[in-house]
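Enquirer: Structure in structure tokens, see below.
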Amino acid sequence: MSTKPDVLAVAKLHPFYLQALQTLYTVHDRTHTEDPAAFAALAPRIVGVAGTGEASVPRSLLAQLPQAKVVSVFGVGYDGVDLGAAIEFGIPVTHTPDVLTDDVADLAMGLVLSVGRAIPQADQFVRAGRWPAGPIALARKVSGARMGIVGLGRIGKAIAQRAKAFGMSIAYTARSEKPDSGFTFFPSTLELAAHVDFLVAITPGGTGTRHLINAQVLQALGPRGFLINVARGSVVDESALIEALQQGTIAGAGLDVFAHEPQVPEALWRLSNVVLTPHMASATTETRQAMADLAFANMQAGISGQPLRTPVPECMPLLKM
Ligand code: NAP
Ligand code: 8YV
């Protein structure tokens, strides 16, 4: 019988993270959902919980883990974790900020260029042998256009930096104004949308941002405006977005995240004015390795009672106790 401490994986973990965990722990891969009877016997021995940015860690699960010392999320977003319950039960939560910022900002710019210049559509145009019949339709100039960023945090600022290099003007909304940024602040997403060509969502998910981008915001963005979502599917009202794309209320969208991943509505597949990617903004070898290293370091620290590398801000009071 293994003497390694027991860790519960609540989502399909990236192999870099899973393999690192397996060097020190017995990892129980989603046993709580796949074999609830076995989980009842195992739960009292679980000392750590490993998840992803999208994983669900509800109160009902945390309540069954009296020995859990840490929830280590492989991702910067942790909207799936019931933080109130984690704090109440004294289980700190960690995440992987900063190490993925460049990749997510790169993909956001990639989507801006893809939708603005219709690059995937142009690729299809060539492959389908349509070029000899005549030139492709004109696209939208990106350099010098107006970008609006919803959420000027670590990643939002990195997107702004890249957009500046394209000569774009930058405006943003966030919970609080950032006077030092030098960018134009709008107090609401609606006002921001009315003043930009490319609206880029990069906030956390969860109840605080649910459907921040709704039918009214899309209306304000207008028929020459593009939406980019690299935040969470929950930030955008997906039904309203589909309708806006179908009606030409907005010009197009570049989407890395969706309301019910990995399911993407067929209505979106059928639209020619969207570019769709499978929640891959941090999915490079380099970044996934860095995320795995950090998530593993947090797990080890939590289980061995050492200082956590990157606890989520809401858990700071817990760590001072
Ligand atoms: P961060 O530094 O915490 O920045 C979050 C920003 O969102 C902050 O500027 C914050 O405003 C703003 N915000 C929060 N609630 C808001 C609201 N209700 N209305 C407007 N703005 C709001 O986080 P980050 O490292 O940049 O990451 C942001 C998010 O990106 C993650 O939480 C995750 O959901 C997403 N993400 C997605 C992928 C992907 O694969 N697609 C990868 C990584 C991250 P204040 O500054 O005023 O507090
Ligand atoms: C990952 C993410 O795709 O960091 C986040 O919040 O959404 C992404 O980096 C995810 O955590 C890995 O599944």
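All residue names refer to the structure tokens as shown: chains lettered A, B, ... in order, residues numbered from 1 in each chain, ligands numbered from 1 in order.
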Neighbouring residues of ligand 1 are defined here as those with any atom at most 8 Å from a ligand atom, counting only C-alpha atoms and all ligand atoms; list them as a PyMOL selection string.

Expert: chain A and resi 53+75-79+97-98+100-101+104+150-157+173-178+188-189+202-205+208-209+212+229-232+256-257+279-283

Enquirer: Quick one: everything within 9 Å of Ala244 (chain A), counting only C-alpha atoms, minus sequence neighbours fewer than 6 positions away in the same chain. Send it as an NGL selection string.

Expert: :A and (215 or 218-219 or 250-252)

Enquirer: Could you pull out all residues of region 85-176 of chain A with a DSSP call of strand (DSSP E or B) and give them as a count of residues only?

Expert: 12

Enquirer: What is the distance between CA of Glu88 (chain A) and atom 7 (O, counted along the ligand's line) of ligand 2, in Å to one decimal?

Expert: 25.0 Å

Enquirer: Contacts of Ala137 (chain A) at 12 Å or less, counting only C-alpha atoms, minus same-chain residues fewer than 6 places along, as a list in words?

Expert: Arg117, Ala118, Ile119, Gln121, Ala122, Phe125, Arg130 and Trp131 of chain A

Enquirer: For His260 (chain A), which residue out of A:Leu245, A:Gly233, A:Gly116, A:Ala160 is the nearest one, using only C-alpha atoms?

Expert: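 Using only C-alpha atoms, His260 (chain A) sits closest to A:Gly233.
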
Enquirer: With distances taken over only C-alpha atoms and all ligand atoms, which residue among A:Ala301, A:Leu21, A:Ile87, A:Leu107 lies nearest ligand 2?

Expert: A:Leu107

Enquirer: May I have the residues within 8 Å of Arg59 (chain A) as a PyMOL selection string, using only C-alpha atoms and disregarding those fewer than 4 positions away in the same chain?

Expert: chain A and resi 63+82+85-86

Enquirer: Just C-alpha atoms for this one: save the residues we selected as a PDB file, in the first residue's frame.

Expert:
ATOM      1  CA  ALA A  63     -16.949  20.075   3.541  1.00  0.00           C
ATOM      2  CA  ASP A  82     -16.186  28.343  -3.532  1.00  0.00           C
ATOM      3  CA  ALA A  85     -16.362  27.878   1.929  1.00  0.00           C
ATOM      4  CA  ALA A  86     -12.573  27.473   1.551  1.00  0.00           C
TER       5      ALA A  86
END

Enquirer: Quick one: pull the distance between CA of Ala108 (chain A) and CA of Arg162 (chain A), Å, one decimal.

Expert: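 So the two atoms, CA of Ala108 (chain A) and CA of Arg162 (chain A), lie 9.6 Å apart.
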
Enquirer: Which is closer to Phe39 (chain A) than all the others in A:Leu8, A:Asn298, A:Ile91, A:Glu243, using only C-alpha atoms?

Expert: A:Leu8

Enquirer: List every residue of region 85-316 of chain A that DSSP, applied to the backbone of this structure, assigns to alpha helix (DSSP H), and report them as a ChimeraX atom specification.

Expert: /A:85-88,101-116,119-127,154-165,189-194,215-221,238-247,266-270,285-304,316

Enquirer: Please dump the current selection as a JSON list (two decimals), in the first residue's frame; keep C-alpha atoms.

Expert:
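The resulting part_7.json:
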[["chain", "number", "residue", "atom", "x", "y", "z"],
["A", 85, "ALA", "CA", -16.36, 27.88, 1.93],
["A", 86, "ALA", "CA", -12.57, 27.47, 1.55],
["A", 87, "ILE", "CA", -11.97, 30.40, 3.91],
["A", 88, "GLU", "CA", -14.61, 29.14, 6.36],
["A", 101, "THR", "CA", 0.31, 36.73, -18.75],
["A", 102, "ASP", "CA", 2.41, 37.01, -21.94],
["A", 103, "ASP", "CA", 0.78, 34.03, -23.62],
["A", 104, "VAL", "CA", -2.77, 35.20, -22.94],
["A", 105, "ALA", "CA", -1.96, 38.71, -24.15],
["A", 106, "ASP", "CA", -0.33, 37.23, -27.27],
["A", 107, "LEU", "CA", -3.44, 35.19, -28.06],
["A", 108, "ALA", "CA", -5.70, 38.20, -27.47],
["A", 109, "MET", "CA", -3.68, 40.15, -30.05],
["A", 110, "GLY", "CA", -3.73, 37.12, -32.33],
["A", 111, "LEU", "CA", -7.52, 37.13, -32.18],
["A", 112, "VAL", "CA", -7.64, 40.89, -32.79],
["A", 113, "LEU", "CA", -5.56, 40.44, -35.94],
["A", 114, "SER", "CA", -7.43, 37.27, -36.95],
["A", 115, "VAL", "CA", -10.88, 38.84, -36.81],
["A", 116, "GLY", "CA", -9.85, 42.29, -38.03],
["A", 119, "ILE", "CA", -6.89, 35.67, -41.53],
["A", 120, "PRO", "CA", -8.60, 32.26, -40.96],
["A", 121, "GLN", "CA", -11.21, 33.19, -43.58],
["A", 122, "ALA", "CA", -8.43, 34.15, -46.01],
["A", 123, "ASP", "CA", -6.74, 30.81, -45.40],
["A", 124, "GLN", "CA", -10.02, 29.04, -46.24],
["A", 125, "PHE", "CA", -10.40, 31.24, -49.31],
["A", 126, "VAL", "CA", -7.03, 30.11, -50.69],
["A", 127, "ARG", "CA", -7.52, 26.43, -49.76],
["A", 154, "ARG", "CA", -2.00, 41.83, -15.19],
["A", 155, "ILE", "CA", -3.15, 40.47, -18.56],
["A", 156, "GLY", "CA", -5.18, 43.54, -19.55],
["A", 157, "LYS", "CA", -2.06, 45.71, -19.14],
["A", 158, "ALA", "CA", 0.02, 43.27, -21.21],
["A", 159, "ILE", "CA", -2.60, 43.43, -23.97],
["A", 160, "ALA", "CA", -2.51, 47.24, -23.81],
["A", 161, "GLN", "CA", 1.28, 47.20, -24.16],
["A", 162, "ARG", "CA", 1.03, 45.08, -27.30],
["A", 163, "ALA", "CA", -1.82, 47.16, -28.75],
["A", 164, "LYS", "CA", 0.20, 50.35, -28.21],
["A", 165, "ALA", "CA", 2.91, 48.88, -30.43],
["A", 189, "THR", "CA", -18.48, 48.41, -20.07],
["A", 190, "LEU", "CA", -21.41, 50.00, -21.93],
["A", 191, "GLU", "CA", -19.70, 53.40, -22.20],
["A", 192, "LEU", "CA", -16.40, 51.76, -23.14],
["A", 193, "ALA", "CA", -18.03, 49.70, -25.90],
["A", 194, "ALA", "CA", -19.54, 52.82, -27.47],
["A", 215, "ALA", "CA", -27.11, 42.74, -25.72],
["A", 216, "GLN", "CA", -26.90, 46.45, -24.82],
["A", 217, "VAL", "CA", -23.09, 46.41, -24.76],
["A", 218, "LEU", "CA", -23.00, 44.66, -28.15],
["A", 219, "GLN", "CA", -25.44, 47.21, -29.53],
["A", 220, "ALA", "CA", -23.10, 49.97, -28.30],
["A", 221, "LEU", "CA", -20.07, 48.26, -29.87],
["A", 238, "GLU", "CA", -23.57, 33.90, -25.35],
["A", 239, "SER", "CA", -27.15, 33.88, -26.71],
["A", 240, "ALA", "CA", -27.09, 37.65, -27.10],
["A", 241, "LEU", "CA", -23.69, 37.41, -28.80],
["A", 242, "ILE", "CA", -24.91, 34.80, -31.31],
["A", 243, "GLU", "CA", -27.89, 36.98, -32.15],
["A", 244, "ALA", "CA", -25.66, 40.07, -32.51],
["A", 245, "LEU", "CA", -23.32, 38.18, -34.85],
["A", 246, "GLN", "CA", -26.20, 36.78, -36.90],
["A", 247, "GLN", "CA", -27.92, 40.18, -37.22],
["A", 266, "GLU", "CA", -23.25, 25.03, -33.49],
["A", 267, "ALA", "CA", -24.69, 28.45, -34.27],
["A", 268, "LEU", "CA", -21.17, 29.82, -33.67],
["A", 269, "TRP", "CA", -19.51, 27.20, -35.90],
["A", 270, "ARG", "CA", -21.77, 28.23, -38.74],
["A", 285, "THR", "CA", 4.81, 24.24, -23.73],
["A", 286, "GLU", "CA", 6.84, 26.91, -21.95],
["A", 287, "THR", "CA", 3.93, 28.44, -20.10],
["A", 288, "ARG", "CA", 2.20, 25.19, -19.19],
["A", 289, "GLN", "CA", 5.53, 24.01, -17.69],
["A", 290, "ALA", "CA", 5.84, 27.23, -15.68],
["A", 291, "MET", "CA", 2.23, 26.90, -14.50],
["A", 292, "ALA", "CA", 2.83, 23.27, -13.49],
["A", 293, "ASP", "CA", 5.99, 24.19, -11.57],
["A", 294, "LEU", "CA", 4.17, 26.93, -9.68],
["A", 295, "ALA", "CA", 1.03, 24.89, -8.98],
["A", 296, "PHE", "CA", 3.19, 21.99, -7.74],
["A", 297, "ALA", "CA", 5.29, 24.32, -5.54],
["A", 298, "ASN", "CA", 2.08, 25.68, -4.02],
["A", 299, "MET", "CA", 0.77, 22.17, -3.38],
["A", 300, "GLN", "CA", 4.01, 21.10, -1.71],
["A", 301, "ALA", "CA", 4.16, 24.24, 0.41],
["A", 302, "GLY", "CA", 0.53, 23.91, 1.48],
["A", 303, "ILE", "CA", 0.84, 20.26, 2.47],
["A", 304, "SER", "CA", 4.15, 20.71, 4.29],
["A", 316, "MET", "CA", -4.41, 36.40, 2.73]]

Enquirer: Which distance in Å separates CA of Cys315 (chain A) and CA of Pro92 (chain A), to one decimal?

Expert: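 Between these atoms lies a distance of 5.8 Å.
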
Enquirer: Skip Ser169 (chain A) itself and residues of its chain fewer than 5 positions away, then list as a list in words all residues within 10 Å of it, counting only C-alpha atoms.

Expert: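 Those residues are Ser143, Gly144, Ala145, Arg146, Met147, Gly148, Ala160, Ala163, Lys164, Phe183, Thr184, Val196 and Asp197 of chain A.
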